[in-house]
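protein_14.cif follows (mmCIF, C-alpha atoms):
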```cif
data_upload
loop_
_atom_site.label_atom_id
_atom_site.label_comp_id
_atom_site.auth_asym_id
_atom_site.auth_seq_id
_atom_site.Cartn_x
_atom_site.Cartn_y
_atom_site.Cartn_z
CA MET A 1 -34.41 47.40 -43.12
CA SER A 2 -37.16 45.43 -41.43
CA ILE A 3 -37.44 48.16 -38.82
CA LEU A 4 -37.92 50.77 -41.55
CA ARG A 5 -40.64 48.69 -43.20
CA PHE A 6 -42.27 48.27 -39.80
CA PHE A 7 -42.35 52.03 -39.13
CA LYS A 8 -43.54 52.71 -42.67
CA LEU A 9 -46.46 50.33 -42.28
CA LEU A 10 -47.11 51.37 -38.67
CA SER A 11 -47.40 55.03 -39.61
CA LEU A 12 -49.99 54.27 -42.28
CA VAL A 13 -51.97 51.87 -40.11
CA LEU A 14 -52.02 54.34 -37.19
CA TRP A 15 -53.33 57.09 -39.45
CA ILE A 16 -56.05 54.96 -41.02
CA GLY A 17 -56.96 53.40 -37.68
CA SER A 18 -57.21 56.83 -36.05
CA ILE A 19 -59.64 58.01 -38.69
CA PHE A 20 -61.73 54.88 -38.30
CA PHE A 21 -61.77 55.14 -34.50
CA PHE A 22 -62.71 58.82 -34.65
CA ALA A 23 -65.59 58.25 -37.08
CA ALA A 24 -66.88 54.99 -35.60
CA VAL A 25 -66.36 55.62 -31.88
CA VAL A 26 -65.38 59.13 -30.79
CA ALA A 27 -67.84 61.31 -32.71
CA PRO A 28 -70.93 59.13 -32.19
CA THR A 29 -70.10 58.56 -28.53
CA VAL A 30 -69.63 62.18 -27.53
CA PHE A 31 -72.82 63.24 -29.29
CA SER A 32 -74.79 60.52 -27.49
CA VAL A 33 -73.21 60.87 -24.03
CA LEU A 34 -72.50 64.55 -23.46
CA PRO A 35 -75.36 66.74 -22.22
CA SER A 36 -75.28 69.25 -25.10
CA ARG A 37 -74.47 69.28 -28.79
CA ALA A 38 -72.33 72.38 -28.22
CA LEU A 39 -70.12 70.53 -25.75
CA ALA A 40 -69.95 67.48 -28.01
CA GLY A 41 -68.99 69.73 -30.92
CA MET A 42 -66.15 71.20 -28.88
CA VAL A 43 -64.82 67.73 -28.03
CA VAL A 44 -65.11 66.55 -31.62
CA SER A 45 -63.44 69.71 -32.92
CA ARG A 46 -60.49 69.29 -30.56
CA SER A 47 -60.24 65.58 -31.34
CA LEU A 48 -60.30 66.29 -35.06
CA ALA A 49 -57.45 68.76 -34.71
CA SER A 50 -55.41 66.08 -32.93
CA LEU A 51 -56.36 63.54 -35.60
CA HIS A 52 -55.07 65.88 -38.32
CA TRP A 53 -51.72 66.34 -36.56
CA ILE A 54 -51.42 62.58 -36.05
CA GLY A 55 -52.07 62.10 -39.76
CA LEU A 56 -49.53 64.68 -40.85
CA ILE A 57 -46.83 63.25 -38.57
CA CYS A 58 -47.62 59.71 -39.73
CA GLY A 59 -47.46 60.90 -43.34
CA LEU A 60 -44.02 62.40 -42.77
CA VAL A 61 -42.81 59.18 -41.12
CA PHE A 62 -44.14 57.18 -44.09
CA LEU A 63 -42.32 59.45 -46.57
CA LEU A 64 -39.09 59.44 -44.57
CA THR A 65 -39.04 55.66 -44.23
CA SER A 66 -39.84 55.30 -47.96
CA ILE A 67 -36.85 57.48 -48.82
CA LEU A 68 -34.55 55.65 -46.41
CA LEU A 69 -35.64 52.25 -47.70
CA ALA A 70 -34.95 53.33 -51.29
CA TRP A 71 -31.59 54.70 -50.29
CA PHE A 72 -30.56 51.50 -48.48
CA GLN A 73 -31.76 49.33 -51.35
CA GLY A 74 -29.50 51.28 -53.71
CA GLY A 75 -30.62 52.58 -57.05
CA VAL A 76 -34.31 52.30 -56.26
CA ALA A 77 -36.27 55.49 -56.90
CA PRO A 78 -37.22 57.05 -53.55
CA PHE A 79 -40.71 58.00 -54.72
CA HIS A 80 -43.24 55.71 -56.31
CA LEU A 81 -46.55 56.46 -57.91
CA ARG A 82 -48.26 55.08 -54.81
CA ASP A 83 -46.60 57.81 -52.77
CA LEU A 84 -48.79 60.29 -54.63
CA LEU A 85 -51.69 58.82 -52.67
CA LEU A 86 -49.89 59.70 -49.47
CA VAL A 87 -49.14 63.23 -50.67
CA LEU A 88 -52.82 63.56 -51.64
CA MET A 89 -53.84 62.36 -48.16
CA MET A 90 -51.56 64.95 -46.56
CA ALA A 91 -52.81 67.73 -48.84
CA ILE A 92 -56.44 66.91 -48.05
CA THR A 93 -55.62 66.83 -44.33
CA LEU A 94 -53.94 70.23 -44.55
CA LEU A 95 -56.95 71.63 -46.41
CA ALA A 96 -59.35 70.17 -43.85
CA HIS A 97 -57.33 71.41 -40.88
CA PHE A 98 -56.20 74.86 -41.98
CA GLY A 99 -59.14 75.63 -44.25
CA ILE A 100 -62.41 74.00 -43.36
CA GLU A 101 -61.91 73.40 -39.62
CA ARG A 102 -60.69 76.95 -39.00
CA ARG A 103 -63.71 78.38 -40.79
CA MET A 104 -66.04 76.07 -38.86
CA ASN A 105 -64.45 77.08 -35.55
CA LYS A 106 -64.86 80.77 -36.39
CA LEU A 107 -68.52 80.22 -37.27
CA ARG A 108 -69.05 78.21 -34.07
CA THR A 109 -67.53 81.04 -32.05
CA ASP A 110 -69.66 83.63 -33.86
CA MET A 111 -72.86 81.64 -33.28
CA GLY A 112 -72.28 80.65 -29.67
CA VAL A 113 -74.67 77.79 -28.93
CA ILE A 114 -75.44 76.44 -32.39
CA ASP A 115 -78.67 74.74 -31.32
CA VAL A 116 -80.39 78.10 -30.70
CA ILE A 117 -79.46 79.42 -34.14
CA PRO A 118 -82.26 78.96 -36.71
CA GLN A 119 -81.57 76.44 -39.50
CA GLN A 120 -82.03 79.21 -42.09
CA ASP A 121 -79.43 81.52 -40.54
CA ALA A 122 -76.63 82.08 -43.07
CA ARG A 123 -73.95 81.17 -40.51
CA ARG A 124 -75.60 77.86 -39.68
CA VAL A 125 -76.17 77.06 -43.36
CA GLU A 126 -72.48 77.74 -44.01
CA PHE A 127 -71.45 75.69 -40.96
CA ASN A 128 -73.54 72.72 -42.14
CA ARG A 129 -72.08 73.01 -45.65
CA LEU A 130 -68.53 73.06 -44.25
CA HIS A 131 -69.35 70.12 -41.97
CA ALA A 132 -70.47 68.09 -44.99
CA TRP A 133 -67.20 68.94 -46.76
CA SER A 134 -65.19 68.06 -43.66
CA THR A 135 -66.84 64.65 -43.54
CA ARG A 136 -66.18 64.07 -47.25
CA LEU A 137 -62.54 65.04 -46.91
CA GLU A 138 -61.97 62.75 -43.92
CA GLY A 139 -63.62 59.92 -45.84
CA SER A 140 -61.40 60.63 -48.84
CA VAL A 141 -58.27 60.45 -46.70
CA PHE A 142 -59.50 57.18 -45.19
CA PHE A 143 -60.19 55.52 -48.54
CA CYS A 144 -56.94 56.79 -50.07
CA GLY A 145 -55.20 55.32 -47.03
CA LEU A 146 -56.87 51.96 -47.56
CA ALA A 147 -55.81 51.99 -51.21
CA LEU A 148 -52.26 52.88 -50.20
CA LEU A 149 -52.22 50.13 -47.58
CA PHE A 150 -53.31 47.64 -50.25
CA LEU A 151 -50.54 48.81 -52.60
CA VAL A 152 -47.88 48.60 -49.89
CA ALA A 153 -49.03 45.10 -48.91
CA ARG A 154 -49.10 44.03 -52.58
CA ASP A 155 -45.58 45.36 -53.14
CA GLN A 156 -44.33 43.47 -50.08
CA THR A 157 -45.97 40.27 -51.33
CA MET A 158 -44.40 40.70 -54.77
CA ARG A 159 -40.99 41.36 -53.16
CA GLU A 160 -41.29 38.17 -51.09
CA ARG A 161 -42.25 36.08 -54.13
CA ARG A 162 -39.07 37.17 -55.95
CA TYR A 163 -36.96 35.67 -53.16
CA TYR A 164 -38.57 32.24 -53.31
#
```
Kindly present the structure from the file in structure tokens form.
Amino acid sequence: MSILRFFKLLSLVLWIGSIFFFAAVVAPTVFSVLPSRALAGMVVSRSLASLHWIGLICGLVFLLTSILLAWFQGGVAPFHLRDLLLVLMMAITLLAHFGIERRMNKLRTDMGVIDVIPQQDARRVEFNRLHAWSTRLEGSVFFCGLALLFLVARDQTMRERRYY
């Protein structure tokens, strides 16, 4: 059962860590190093798609290990209220990936080089609005993940105290 707990925690930590690394390192770096914003946007867009798939796979691993742990512990409900945070994280990620990111990519394709499009152009206004929502959604997933990590750690601490 220790291996299941390890993979449960690992999946959550990888997801949260990936979001942090993307926001703190990848996005700022590519926009400061690459020669054009268009190229940086392409790298960030592709990286974000990978980040979403990493998150969804990690979410499935977390859910699977939660169910297996409950099953092996016998009689314990497989889903807890805290798992709703994980389902929320996955739902937000799906919305960001299949909704917002797809629309942003279509707009980016329609505009070509975004830097030559006037700020008042309806496509650029919509792109900027979607970008703001994308950022909010990623932040929401990150903070839900931190809350979930806290709850998982607290549950483990409470479980350990019962055995002493």
Excluding stretch 52-62 of chain A and its own-chain neighbours fewer than 3 positions away, which residues fall within 8 Å of it when counting all atoms listed in the file? Please give them as an mmCIF file with C-alpha atoms, keeping the file's coordinate frame.
```cif
data_model
loop_
_atom_site.group_PDB
_atom_site.id
_atom_site.type_symbol
_atom_site.label_atom_id
_atom_site.label_comp_id
_atom_site.auth_asym_id
_atom_site.auth_seq_id
_atom_site.Cartn_x
_atom_site.Cartn_y
_atom_site.Cartn_z
ATOM 1 C CA PHE A 7 -42.350 52.030 -39.130
ATOM 2 C CA LYS A 8 -43.540 52.710 -42.670
ATOM 3 C CA LEU A 9 -46.460 50.330 -42.280
ATOM 4 C CA SER A 11 -47.400 55.030 -39.610
ATOM 5 C CA LEU A 12 -49.990 54.270 -42.280
ATOM 6 C CA LEU A 14 -52.020 54.340 -37.190
ATOM 7 C CA TRP A 15 -53.330 57.090 -39.450
ATOM 8 C CA LEU A 48 -60.300 66.290 -35.060
ATOM 9 C CA ALA A 49 -57.450 68.760 -34.710
ATOM 10 C CA THR A 65 -39.040 55.660 -44.230
ATOM 11 C CA SER A 66 -39.840 55.300 -47.960
ATOM 12 C CA LEU A 86 -49.890 59.700 -49.470
ATOM 13 C CA VAL A 87 -49.140 63.230 -50.670
ATOM 14 C CA MET A 90 -51.560 64.950 -46.560
ATOM 15 C CA THR A 93 -55.620 66.830 -44.330
ATOM 16 C CA LEU A 94 -53.940 70.230 -44.550
ATOM 17 C CA HIS A 97 -57.330 71.410 -40.880
#
```
Box in all listed atoms of stretch 9-17 of chain A, axis-aligned, with 6 Å more on each side; write out centre and edge lengths in Å to one decimal as AutoDock Vina command-line options.
```
--center_x -51.7 --center_y 53.7 --center_z -39.7 --size_x 22.5 --size_y 18.8 --size_z 17.1
```
What are the nearest atom pairs, with distances in Å to one decimal, for all residues of stretch 116-139 of chain A that come at most 10 Å from stretch 20-42 of chain A, using all atoms listed in the file, set out by chain and rising residue number as CSV?
```
residue,atom,partner,partner_atom,distance
A:Thr135,CA,A:Ala23,CA,9.2
A:Glu138,CA,A:Ala23,CA,9.0
A:Gly139,CA,A:Ala23,CA,9.1
```
So that I can check the surroundings of stretch 116-132 of chain A, please list as a VMD selection string every protein, DNA and RNA residue that reaches within 10 Å of it, counting all atoms listed in the file and ignoring chain neighbours fewer than 3 positions away. chain A and resid 96 99 to 101 103 to 108 110 to 113 135 to 137
In terms of all atoms listed in the file, the residue from A:Ile19, A:Ala153, A:Leu69, A:Val141 at minimal distance from A:Ser50 is A:Ile19
As a check of understanding: the span from atom CA of A:Phe142 to atom CA of A:Met89 is 8.2 Å
_Given the point (-53.6, 51.8, -49.7) in the coordinates of this file, which residues lie within 12 Å, counting all atoms listed in the file, and how would they look as a ChimeraX atom specification?_
/A:9,12-13,15-16,81-86,88-89,140-155
Of the listed residues A:Leu68, A:Val43, A:Leu95, A:Leu63, that which approaches A:Ser2 most closely, counting all atoms listed in the file:
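Result for the nearest residue to A:Ser2: A:Leu68.
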task: Please indicate the distance in Å from atom CA of A:Phe72 to atom CA of A:Gly17, rounded to one decimal place.
output: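 Straight-line distance from atom CA of A:Phe72 to atom CA of A:Gly17 works out to 28.6 Å.
Pairwise distance (atom CA of A:Leu51, atom CA of A:Ser18) equals 6.8 Å.
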